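Coordinates as given in data-v3.cif (mmCIF, C-alpha atoms):
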```
data_data
#
loop_
_atom_site.group_PDB
_atom_site.id
_atom_site.type_symbol
_atom_site.label_atom_id
_atom_site.label_comp_id
_atom_site.auth_asym_id
_atom_site.auth_seq_id
_atom_site.Cartn_x
_atom_site.Cartn_y
_atom_site.Cartn_z
ATOM 1 C CA MET Q 3 -136.044 70.674 -48.691
ATOM 2 C CA ILE Q 4 -133.461 68.344 -47.088
ATOM 3 C CA SER Q 5 -133.180 64.636 -46.267
ATOM 4 C CA VAL Q 6 -130.545 63.683 -43.701
ATOM 5 C CA LEU Q 7 -129.376 60.126 -44.397
ATOM 6 C CA ILE Q 8 -127.519 58.097 -41.780
ATOM 7 C CA PRO Q 9 -126.363 54.497 -42.304
ATOM 8 C CA ILE Q 10 -125.922 52.685 -38.987
ATOM 9 C CA PHE Q 11 -123.693 49.783 -38.093
ATOM 10 C CA ASN Q 12 -123.108 48.907 -34.429
ATOM 11 C CA THR Q 13 -123.242 52.546 -33.333
ATOM 12 C CA SER Q 14 -125.593 54.523 -31.124
ATOM 13 C CA VAL Q 15 -127.045 57.452 -33.093
ATOM 14 C CA PHE Q 16 -129.373 58.957 -30.482
ATOM 15 C CA GLU Q 17 -127.162 61.960 -29.659
ATOM 16 C CA LEU Q 18 -126.311 62.633 -33.312
ATOM 17 C CA VAL Q 19 -129.928 62.444 -34.483
ATOM 18 C CA SER Q 20 -131.152 64.554 -31.556
ATOM 19 C CA GLU Q 21 -128.627 67.304 -32.329
ATOM 20 C CA ILE Q 22 -129.350 67.326 -36.063
ATOM 21 C CA HIS Q 23 -133.098 67.293 -35.355
ATOM 22 C CA THR Q 24 -132.812 70.293 -33.020
ATOM 23 C CA GLN Q 25 -130.807 72.269 -35.568
ATOM 24 C CA LEU Q 26 -133.283 71.464 -38.349
ATOM 25 C CA LEU Q 27 -136.239 72.597 -36.239
ATOM 26 C CA GLN Q 28 -134.459 75.880 -35.550
ATOM 27 C CA GLN Q 29 -134.173 76.535 -39.297
ATOM 28 C CA LYS Q 30 -137.904 75.989 -39.896
ATOM 29 C CA VAL Q 31 -137.391 74.031 -43.125
ATOM 30 C CA ASP Q 32 -139.021 70.907 -44.491
ATOM 31 C CA PHE Q 33 -136.872 67.958 -43.500
ATOM 32 C CA GLU Q 34 -136.634 64.296 -42.690
ATOM 33 C CA ILE Q 35 -133.983 62.174 -41.016
ATOM 34 C CA ILE Q 36 -133.749 58.616 -42.319
ATOM 35 C CA CYS Q 37 -131.621 56.029 -40.550
ATOM 36 C CA ILE Q 38 -131.083 52.478 -41.744
ATOM 37 C CA ASP Q 39 -129.471 49.917 -39.474
ATOM 38 C CA ASP Q 40 -127.307 47.643 -41.616
ATOM 39 C CA ALA Q 41 -127.841 44.417 -39.656
ATOM 40 C CA SER Q 42 -126.150 45.616 -36.467
ATOM 41 C CA THR Q 43 -125.682 43.343 -33.472
ATOM 42 C CA VAL Q 44 -125.751 46.078 -30.813
ATOM 43 C CA PHE Q 45 -127.597 49.348 -30.019
ATOM 44 C CA TYR Q 46 -130.750 48.314 -31.895
ATOM 45 C CA ASN Q 47 -133.220 49.015 -29.058
ATOM 46 C CA GLU Q 48 -131.560 52.313 -28.194
ATOM 47 C CA ASN Q 49 -131.594 53.480 -31.803
ATOM 48 C CA THR Q 50 -135.284 52.726 -32.313
ATOM 49 C CA THR Q 51 -136.112 55.461 -29.779
ATOM 50 C CA ILE Q 52 -135.201 58.139 -32.335
ATOM 51 C CA THR Q 53 -138.566 57.593 -34.035
ATOM 52 C CA ALA Q 54 -140.173 59.520 -31.178
ATOM 53 C CA LEU Q 55 -138.766 62.643 -32.858
ATOM 54 C CA LYS Q 56 -140.820 64.351 -35.548
ATOM 55 C CA ASN Q 57 -139.928 63.395 -39.140
ATOM 56 C CA VAL Q 58 -137.375 60.823 -38.048
ATOM 57 C CA TYR Q 59 -137.565 57.346 -39.599
ATOM 58 C CA PHE Q 60 -135.720 54.185 -38.649
ATOM 59 C CA TYR Q 61 -135.385 51.010 -40.727
ATOM 60 C CA GLN Q 62 -133.460 47.809 -40.203
ATOM 61 C CA GLU Q 63 -131.867 45.443 -42.692
ATOM 62 C CA ASN Q 64 -131.758 41.784 -41.710
ATOM 63 C CA LYS Q 65 -128.734 41.175 -43.927
ATOM 64 C CA ASN Q 66 -125.705 43.458 -44.111
ATOM 65 C CA LEU Q 67 -125.767 45.423 -47.383
ATOM 66 C CA GLY Q 68 -122.357 47.054 -47.077
ATOM 67 C CA ARG Q 69 -121.244 50.677 -47.053
ATOM 68 C CA SER Q 70 -122.081 51.363 -50.705
ATOM 69 C CA LYS Q 71 -125.468 49.742 -51.140
ATOM 70 C CA ILE Q 72 -126.840 51.051 -47.834
ATOM 71 C CA ARG Q 73 -126.198 54.629 -49.013
ATOM 72 C CA ASN Q 74 -127.968 53.983 -52.301
ATOM 73 C CA VAL Q 75 -130.947 52.565 -50.426
ATOM 74 C CA LEU Q 76 -131.054 55.621 -48.174
ATOM 75 C CA ALA Q 77 -131.140 57.912 -51.210
ATOM 76 C CA GLN Q 78 -133.989 55.907 -52.729
ATOM 77 C CA LYS Q 79 -136.082 56.483 -49.603
ATOM 78 C CA ALA Q 80 -135.384 60.240 -49.522
ATOM 79 C CA ALA Q 81 -138.349 62.533 -50.194
ATOM 80 C CA TYR Q 82 -136.395 65.754 -50.736
ATOM 81 C CA ASN Q 83 -133.929 66.935 -53.379
ATOM 82 C CA TRP Q 84 -131.010 67.731 -51.075
ATOM 83 C CA LEU Q 85 -129.371 64.712 -49.452
ATOM 84 C CA LEU Q 86 -127.106 65.191 -46.434
ATOM 85 C CA PHE Q 87 -125.100 62.026 -45.801
ATOM 86 C CA LEU Q 88 -123.625 61.623 -42.324
ATOM 87 C CA ASP Q 89 -121.819 58.620 -40.915
ATOM 88 C CA SER Q 90 -123.283 57.294 -37.685
ATOM 89 C CA ASP Q 91 -120.077 57.879 -35.685
ATOM 90 C CA VAL Q 92 -119.780 61.627 -36.314
ATOM 91 C CA PHE Q 93 -121.100 64.710 -34.510
ATOM 92 C CA PRO Q 94 -121.415 68.323 -35.738
ATOM 93 C CA LYS Q 95 -118.565 70.534 -34.609
ATOM 94 C CA ALA Q 96 -120.778 73.650 -34.558
ATOM 95 C CA LYS Q 97 -124.289 74.465 -33.394
ATOM 96 C CA ASN Q 98 -124.926 76.153 -36.748
ATOM 97 C CA PHE Q 99 -123.935 73.070 -38.758
ATOM 98 C CA ILE Q 100 -127.281 72.762 -40.561
ATOM 99 C CA LYS Q 101 -127.618 76.528 -41.004
ATOM 100 C CA SER Q 102 -124.194 76.674 -42.646
ATOM 101 C CA TYR Q 103 -125.158 74.076 -45.230
ATOM 102 C CA LEU Q 104 -128.454 75.865 -45.942
ATOM 103 C CA ASP Q 105 -126.600 79.174 -46.320
ATOM 104 C CA PHE Q 106 -124.249 77.613 -48.870
ATOM 105 C CA LEU Q 107 -127.254 76.515 -50.913
ATOM 106 C CA THR Q 108 -128.493 80.103 -51.229
ATOM 107 C CA GLN Q 109 -125.019 81.475 -51.965
ATOM 108 C CA ASN Q 110 -123.993 78.957 -54.647
ATOM 109 C CA THR Q 111 -127.020 77.915 -56.654
ATOM 110 C CA LYS Q 112 -124.906 76.197 -59.359
ATOM 111 C CA ILE Q 113 -123.061 73.888 -56.953
ATOM 112 C CA LYS Q 114 -124.683 70.485 -56.459
ATOM 113 C CA VAL Q 115 -122.151 68.810 -54.093
ATOM 114 C CA TYR Q 116 -120.696 70.172 -50.846
ATOM 115 C CA CYS Q 117 -118.103 68.466 -48.661
ATOM 116 C CA GLY Q 118 -117.988 69.772 -45.089
ATOM 117 C CA GLY Q 119 -114.801 68.143 -43.807
ATOM 118 C CA ILE Q 120 -113.700 66.006 -40.878
ATOM 119 C CA ALA Q 121 -112.206 67.013 -37.517
ATOM 120 C CA TYR Q 122 -110.758 65.114 -34.571
ATOM 121 C CA LYS Q 123 -110.799 65.954 -30.893
ATOM 122 C CA LYS Q 124 -107.332 66.677 -29.566
ATOM 123 C CA GLU Q 125 -107.476 64.546 -26.429
ATOM 124 C CA GLN Q 126 -105.118 61.661 -27.133
ATOM 125 C CA PRO Q 127 -106.770 58.238 -26.921
ATOM 126 C CA LEU Q 128 -105.352 55.070 -25.391
ATOM 127 C CA LYS Q 129 -102.318 53.565 -27.145
ATOM 128 C CA SER Q 130 -104.582 50.801 -28.441
ATOM 129 C CA LYS Q 131 -106.419 53.408 -30.556
ATOM 130 C CA LYS Q 132 -103.517 55.746 -31.319
ATOM 131 C CA LEU Q 133 -102.895 54.718 -34.954
ATOM 132 C CA ARG Q 134 -106.432 55.580 -36.091
ATOM 133 C CA TRP Q 135 -106.329 58.884 -34.213
ATOM 134 C CA VAL Q 136 -102.940 59.899 -35.642
ATOM 135 C CA TYR Q 137 -104.076 58.919 -39.131
ATOM 136 C CA GLY Q 138 -107.224 61.003 -38.740
ATOM 137 C CA ILE Q 139 -105.366 64.064 -37.472
ATOM 138 C CA LYS Q 140 -102.689 63.934 -40.190
ATOM 139 C CA ARG Q 141 -104.607 62.624 -43.218
ATOM 140 C CA GLU Q 142 -108.275 63.520 -42.759
ATOM 141 C CA GLU Q 143 -108.409 66.733 -40.733
ATOM 142 C CA ILE Q 144 -107.561 69.040 -43.627
ATOM 143 C CA THR Q 145 -108.088 72.800 -43.623
ATOM 144 C CA VAL Q 146 -110.672 74.086 -46.064
ATOM 145 C CA ALA Q 147 -107.960 76.258 -47.662
ATOM 146 C CA LYS Q 148 -106.051 73.122 -48.634
ATOM 147 C CA ARG Q 149 -109.164 71.132 -49.580
ATOM 148 C CA VAL Q 150 -110.312 73.711 -52.125
ATOM 149 C CA GLU Q 151 -106.991 73.371 -53.982
ATOM 150 C CA ASN Q 152 -107.895 69.800 -54.965
ATOM 151 C CA PRO Q 153 -111.534 69.243 -53.967
ATOM 152 C CA TYR Q 154 -111.920 65.720 -55.360
ATOM 153 C CA ALA Q 155 -108.851 64.475 -53.467
ATOM 154 C CA TYR Q 156 -110.309 65.481 -50.094
ATOM 155 C CA PHE Q 157 -113.815 64.132 -50.375
ATOM 156 C CA PHE Q 158 -115.089 62.304 -47.290
ATOM 157 C CA GLY Q 159 -118.360 60.415 -47.434
ATOM 158 C CA ALA Q 160 -118.872 60.897 -43.694
ATOM 159 C CA ASN Q 161 -120.182 64.438 -44.230
ATOM 160 C CA PHE Q 162 -121.413 65.674 -47.594
ATOM 161 C CA LEU Q 163 -124.468 67.316 -49.144
ATOM 162 C CA ILE Q 164 -125.540 66.392 -52.662
ATOM 163 C CA HIS Q 165 -128.484 67.113 -54.939
ATOM 164 C CA LYS Q 166 -130.560 64.039 -55.714
ATOM 165 C CA SER Q 167 -130.316 64.633 -59.470
ATOM 166 C CA VAL Q 168 -126.536 64.226 -59.238
ATOM 167 C CA PHE Q 169 -126.727 61.224 -56.932
ATOM 168 C CA ASN Q 170 -129.110 59.465 -59.299
ATOM 169 C CA THR Q 171 -126.389 59.731 -61.948
ATOM 170 C CA CYS Q 172 -123.402 59.023 -59.702
ATOM 171 C CA LYS Q 173 -124.281 56.352 -57.175
ATOM 172 C CA PHE Q 174 -122.043 54.305 -54.914
ATOM 173 C CA ASP Q 175 -120.666 51.168 -56.562
ATOM 174 C CA GLU Q 176 -122.510 48.224 -55.005
ATOM 175 C CA THR Q 177 -119.943 45.697 -56.241
ATOM 176 C CA LEU Q 178 -117.759 46.884 -53.347
ATOM 177 C CA VAL Q 179 -118.874 44.797 -50.394
ATOM 178 C CA LYS Q 180 -115.822 45.037 -48.162
ATOM 179 C CA TYR Q 181 -114.782 48.209 -46.348
ATOM 180 C CA GLY Q 182 -112.734 50.793 -48.207
ATOM 181 C CA PHE Q 183 -112.396 53.080 -51.234
ATOM 182 C CA GLU Q 184 -116.138 53.338 -51.882
ATOM 183 C CA ASP Q 185 -115.839 57.088 -51.228
ATOM 184 C CA VAL Q 186 -112.897 57.405 -53.615
ATOM 185 C CA LEU Q 187 -114.663 55.507 -56.373
ATOM 186 C CA PHE Q 188 -117.752 57.654 -55.857
ATOM 187 C CA VAL Q 189 -115.881 60.960 -56.071
ATOM 188 C CA ASN Q 190 -113.920 59.661 -59.068
ATOM 189 C CA LEU Q 191 -117.304 59.223 -60.746
ATOM 190 C CA LEU Q 192 -118.198 62.814 -59.876
ATOM 191 C CA ALA Q 193 -114.914 63.937 -61.428
ATOM 192 C CA GLN Q 194 -115.585 61.934 -64.607
ATOM 193 C CA HIS Q 195 -118.978 63.618 -64.947
ATOM 194 C CA LYS Q 196 -117.347 66.995 -64.229
ATOM 195 C CA VAL Q 197 -119.708 67.656 -61.339
ATOM 196 C CA PRO Q 198 -118.558 70.773 -59.447
ATOM 197 C CA LEU Q 199 -117.685 69.944 -55.842
ATOM 198 C CA LEU Q 200 -117.290 72.725 -53.292
ATOM 199 C CA GLN Q 201 -115.199 72.119 -50.183
ATOM 200 C CA VAL Q 202 -116.635 74.137 -47.280
ATOM 201 C CA ASN Q 203 -115.776 74.774 -43.649
ATOM 202 C CA ASN Q 204 -118.516 72.774 -41.927
ATOM 203 C CA ASN Q 205 -116.784 69.986 -40.037
ATOM 204 C CA VAL Q 206 -118.064 67.052 -38.092
ATOM 205 C CA TYR Q 207 -116.038 65.322 -35.406
ATOM 206 C CA HIS Q 208 -115.185 61.724 -36.187
ATOM 207 C CA LEU Q 209 -115.794 59.959 -32.896
ATOM 208 C CA GLY Q 210 -115.503 56.313 -33.960
ATOM 209 C CA ILE Q 211 -111.812 55.706 -33.269
ATOM 210 C CA GLU Q 212 -111.202 51.978 -33.737
ATOM 211 C CA ASP Q 213 -108.642 49.839 -31.959
ATOM 212 C CA ASN Q 214 -105.365 49.496 -33.857
ATOM 213 C CA ALA Q 215 -106.007 45.854 -34.766
ATOM 214 C CA ILE Q 216 -109.459 46.648 -36.179
ATOM 215 C CA PHE Q 217 -108.142 49.637 -38.122
ATOM 216 C CA ILE Q 218 -105.348 47.572 -39.663
ATOM 217 C CA GLU Q 219 -107.789 44.830 -40.639
ATOM 218 C CA LYS Q 220 -110.114 47.400 -42.235
ATOM 219 C CA THR Q 221 -107.122 48.935 -44.007
ATOM 220 C CA LYS Q 222 -106.229 45.539 -45.472
ATOM 221 C CA GLN Q 223 -109.822 45.136 -46.661
ATOM 222 C CA ALA Q 224 -109.561 48.563 -48.291
ATOM 223 C CA ILE Q 225 -106.340 47.572 -50.082
ATOM 224 C CA GLU Q 226 -108.049 44.398 -51.304
ATOM 225 C CA ASN Q 227 -110.828 46.588 -52.695
ATOM 226 C CA LEU Q 228 -108.256 48.832 -54.329
ATOM 227 C CA VAL Q 229 -106.560 45.876 -56.044
ATOM 228 C CA GLN Q 230 -109.957 44.773 -57.342
ATOM 229 C CA LEU Q 231 -110.700 48.256 -58.659
ATOM 230 C CA TYR Q 232 -107.242 48.693 -60.169
ATOM 231 C CA CYS Q 233 -107.452 45.396 -62.023
ATOM 232 C CA LYS Q 234 -110.850 46.418 -63.399
ATOM 233 C CA LYS Q 235 -109.345 49.798 -64.423
ATOM 234 C CA ALA Q 236 -112.109 51.486 -62.448
ATOM 235 C CA PHE Q 237 -110.116 54.668 -61.872
ATOM 236 C CA THR Q 238 -110.137 56.864 -64.947
ATOM 237 C CA GLY Q 239 -109.916 60.605 -65.321
ATOM 238 C CA ALA Q 240 -108.578 62.460 -62.274
ATOM 239 C CA ARG Q 241 -105.969 60.432 -60.362
ATOM 240 C CA ILE Q 242 -106.858 60.814 -56.720
ATOM 241 C CA VAL Q 243 -105.384 57.665 -55.160
ATOM 242 C CA LYS Q 244 -101.816 58.302 -54.009
ATOM 243 C CA ILE Q 245 -100.909 54.645 -53.559
ATOM 244 C CA LEU Q 246 -101.617 54.006 -57.260
ATOM 245 C CA SER Q 247 -99.336 56.849 -58.288
ATOM 246 C CA VAL Q 248 -96.522 55.399 -56.174
ATOM 247 C CA TYR Q 249 -97.219 51.902 -57.488
ATOM 248 C CA GLU Q 250 -96.890 53.075 -61.089
ATOM 249 C CA LYS Q 251 -93.535 54.664 -60.270
ATOM 250 C CA ILE Q 252 -92.108 51.523 -58.698
ATOM 251 C CA THR Q 253 -93.531 49.483 -61.579
ATOM 252 C CA TYR Q 254 -91.571 51.688 -63.961
ATOM 253 C CA VAL Q 255 -88.311 50.931 -62.117
ATOM 254 C CA LYS Q 256 -89.257 47.236 -61.782
ATOM 255 C CA MET Q 257 -89.325 47.216 -57.964
ATOM 256 C CA VAL Q 258 -92.782 45.759 -57.346
ATOM 257 C CA TRP Q 259 -91.257 42.392 -56.411
ATOM 258 C CA PHE Q 260 -89.133 44.058 -53.715
ATOM 259 C CA PHE Q 261 -92.092 45.742 -52.000
ATOM 260 C CA SER Q 262 -94.074 42.530 -52.295
ATOM 261 C CA VAL Q 263 -91.329 40.610 -50.470
ATOM 262 C CA MET Q 264 -91.138 43.409 -47.877
ATOM 263 C CA TYR Q 265 -94.750 42.867 -46.860
ATOM 264 C CA LYS Q 266 -93.898 40.200 -44.283
ATOM 265 C CA VAL Q 267 -91.096 42.331 -42.867
ATOM 266 C CA LEU Q 268 -93.328 45.396 -42.623
ATOM 267 C CA ASN Q 269 -96.064 43.285 -41.088
ATOM 268 C CA ARG Q 270 -93.725 42.560 -38.179
ATOM 269 C CA LEU Q 271 -92.454 46.141 -38.104
ATOM 270 C CA MET Q 272 -96.016 47.393 -37.656
ATOM 271 C CA VAL Q 273 -96.143 45.605 -34.285
ATOM 272 C CA PHE Q 274 -93.249 47.747 -33.027
ATOM 273 C CA ASN Q 275 -94.787 50.798 -34.666
ATOM 274 C CA LEU Q 276 -98.040 50.347 -32.754
ATOM 275 C CA ASN Q 277 -96.182 49.965 -29.454
ATOM 276 C CA SER Q 278 -94.507 53.333 -29.879
ATOM 277 C CA GLY Q 279 -95.956 56.398 -28.219
ATOM 278 C CA TYR Q 280 -96.791 58.010 -31.553
ATOM 279 C CA PRO Q 281 -97.140 55.577 -34.499
ATOM 280 C CA SER Q 282 -95.274 56.485 -37.691
ATOM 281 C CA LEU Q 283 -97.533 57.026 -40.696
ATOM 282 C CA ALA Q 284 -94.514 56.591 -42.983
ATOM 283 C CA ILE Q 285 -94.193 52.975 -41.814
ATOM 284 C CA PHE Q 286 -97.954 52.554 -42.133
ATOM 285 C CA ASP Q 287 -97.814 53.890 -45.718
ATOM 286 C CA LEU Q 288 -95.041 51.437 -46.623
ATOM 287 C CA TYR Q 289 -97.061 48.646 -45.046
ATOM 288 C CA LYS Q 290 -100.091 49.490 -47.210
ATOM 289 C CA LEU Q 291 -97.972 49.794 -50.362
ATOM 290 C CA SER Q 292 -96.240 46.483 -49.694
ATOM 291 C CA TYR Q 293 -99.580 44.733 -49.127
ATOM 292 C CA PHE Q 294 -100.892 46.184 -52.397
ATOM 293 C CA CYS Q 295 -97.791 44.916 -54.249
ATOM 294 C CA PHE Q 296 -98.043 41.541 -52.502
ATOM 295 C CA LEU Q 297 -101.634 41.107 -53.708
ATOM 296 C CA ILE Q 298 -100.803 42.276 -57.240
ATOM 297 C CA GLN Q 299 -97.869 39.856 -57.441
ATOM 298 C CA LYS Q 300 -100.072 37.076 -56.120
ATOM 299 C CA LYS Q 301 -102.632 37.775 -58.855
ATOM 300 C CA THR Q 302 -99.890 37.897 -61.502
ATOM 301 C CA ILE Q 303 -98.412 34.556 -60.416
ATOM 302 C CA SER Q 304 -101.844 32.894 -60.326
ATOM 303 C CA ARG Q 305 -102.403 33.845 -63.987
ATOM 304 C CA THR Q 306 -99.139 32.286 -65.160
#
```

Could the structure of this file be written out as C-alpha cells, please?
Amino acid sequence: MISVLIPIFNTSVFELVSEIHTQLLQQKVDFEIICIDDASTVFYNENTTITALKNVYFYQENKNLGRSKIRNVLAQKAAYNWLLFLDSDVFPKAKNFIKSYLDFLTQNTKIKVYCGGIAYKKEQPLKSKKLRWVYGIKREEITVAKRVENPYAYFFGANFLIHKSVFNTCKFDETLVKYGFEDVLFVNLLAQHKVPLLQVNNNVYHLGIEDNAIFIEKTKQAIENLVQLYCKKAFTGARIVKILSVYEKITYVKMVWFFSVMYKVLNRLMVFNLNSGYPSLAIFDLYKLSYFCFLIQKKTISRT
C-alpha cells in the first residue's frame, strides 16, 4: 500500500519513525518505512534502533550521495506503489497525519501527487537561528488556500506523497550534488509532464532550524545550483522560480552589473541584518539576487 521514505543526514529519526509507525499500525494497512543514512557523522547508533519496529528498514551509505540521488535510491527500494517522502527533521503536526493522506487517496483516485505543506512552531528561537525561522514562517508556512492557487510553486519535498509510476518518470536530478533547488527542478518536471498535483492540508513541523551562518552557506550553495541550472536552460514550461523572473527584468533594463557589484555591500549588510531582533527578508532577497548576478557576471567574464 504505502512506503514511507526518509533520507537521513546527521539527524535523529527515532521519534519521527516511531510516530509514523504508530499511525500506520492504527490504519491497518500494508506498509514499510525505509530510512537511508547518507554518510552521517552523528546519530548512527541511535538511528539503527528503529529496526526493532515491524516493517522498518535502515540502510547506510558510506559515501554521501546528495539530496537528489538519495531520494531516487529510496524509491528504488520501495515495495509499494505509494511513496511518502519525509525529511528526517520534520514531525507530523496531527495524530491523523497518515489517515489524512490515505483518505485523500480514496477521495481523489485520479491524483498521483499530494503535497501536505510545512509548518513552524511559534516559539521564537535564539537570535543565532532567527533568519531560518523567519524565512520558514514567511516563505514556507503557506495556507492550503493559497497553495492550491499555484500548486507547483508551493511544492516542498519535505512532505509529499507520490505514485511510483509518476516518480519513475519524474525523478530527482542526480547532477545536483550541492544543496538547493532539487525540489524546484523536480516539480518543474512534474509541470512539464502535466502531472496533476494536489495541495492538501496535512502539515509537518520543520524542526531542523539551522544557525544563521549555516543557512546562509546553504543558501549560497542553492544559488550556485540555480546558476548551473539556468545556464543549462533546465527550467522550461511553468516559471516557478521568482529570482529568475526578477533577474530577467533587471537584464532587460541592463542592471545586472549593478546588482553584481552590490553583492559585496549586501554581504556586509547581512551581518547587521542578522544582529537585528527580526531579520529582514527583503535584505536577504537582495543578497540572494546580488549573489546570483555576481556569479552570472563571473561566468560571462570568464567566457570573454

Q. What separation in Å, quoted to one decimal, exists between CA of Ile8 (chain Q) and CA of Leu88 (chain Q)?
A. 5.3 Å

Residues of region 186-283 of chain Q within 8 Å of region 161-177 of chain Q: nearest atom pair and distance (Å, one decimal) for each, counting only C-alpha atoms, sorted by chain and number, as JSON lines?
```
{"residue": "Q:Leu187", "atom": "CA", "partner": "Q:Asp175", "partner_atom": "CA", "distance": 7.4}
{"residue": "Q:Phe188", "atom": "CA", "partner": "Q:Phe174", "partner_atom": "CA", "distance": 5.5}
{"residue": "Q:Leu191", "atom": "CA", "partner": "Q:Cys172", "partner_atom": "CA", "distance": 6.2}
{"residue": "Q:Leu192", "atom": "CA", "partner": "Q:Cys172", "partner_atom": "CA", "distance": 6.4}
{"residue": "Q:Val197", "atom": "CA", "partner": "Q:Val168", "partner_atom": "CA", "distance": 7.9}
{"residue": "Q:Asn205", "atom": "CA", "partner": "Q:Asn161", "partner_atom": "CA", "distance": 7.7}
{"residue": "Q:Val206", "atom": "CA", "partner": "Q:Asn161", "partner_atom": "CA", "distance": 7.0}
```

Q: Give me the result of the PyMOL selection byres ((chain Q and resi 9-22) around 10) on this file, residue by residue, as a PyMOL selection string.
A: chain Q and resi 6-8+23-28+35-53+55+58+60-62+66+68-70+72-73+75-76+87-94+97-100+160+210

Q | Atomic distance CA of Asp287 (chain Q) - CA of Trp259 (chain Q), expressed in Å with one decimal | A |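 Interatomic distance, CA of Asp287 (chain Q) to CA of Trp259 (chain Q): 17.0 Å.
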
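Note that CA of Leu133 (chain Q) and CA of Asn214 (chain Q) are 5.9 Å apart.
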
Padding of 6 Å on every side, edges along x, y and z, all listed atoms of region 120-127 of chain Q included: what centre and edge lengths in Å, to one decimal, does that box have, as JSON?
```
{"center_x": -109.4, "center_y": 62.6, "center_z": -33.7, "size_x": 20.6, "size_y": 20.8, "size_z": 26.4}
```

Q: Apply the PyMOL selection byres ((chain Q and resi 248-257) around 12) to the structure shown and report the selected residues as a list in words.
A: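 Residues picked by the PyMOL selection byres ((chain Q and resi 248-257) around 12): Leu228, Val229, Tyr232, Arg241, Ile242, Val243, Lys244, Ile245, Leu246, Ser247, Val258, Trp259, Phe260, Phe261, Ser262, Val263, Met264, Asp287, Leu288, Lys290, Leu291, Ser292, Tyr293, Phe294, Cys295, Phe296, Ile298 and Gln299 of chain Q.
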
Q: Please evaluate the PyMOL selection byres ((chain Q and resi 224) around 12) against the structure above and give the resulting residues as an NGL selection string.
A: :Q and (69 or 178-187 or 217-223 or 225-231 or 245 or 290-291 or 293-294)
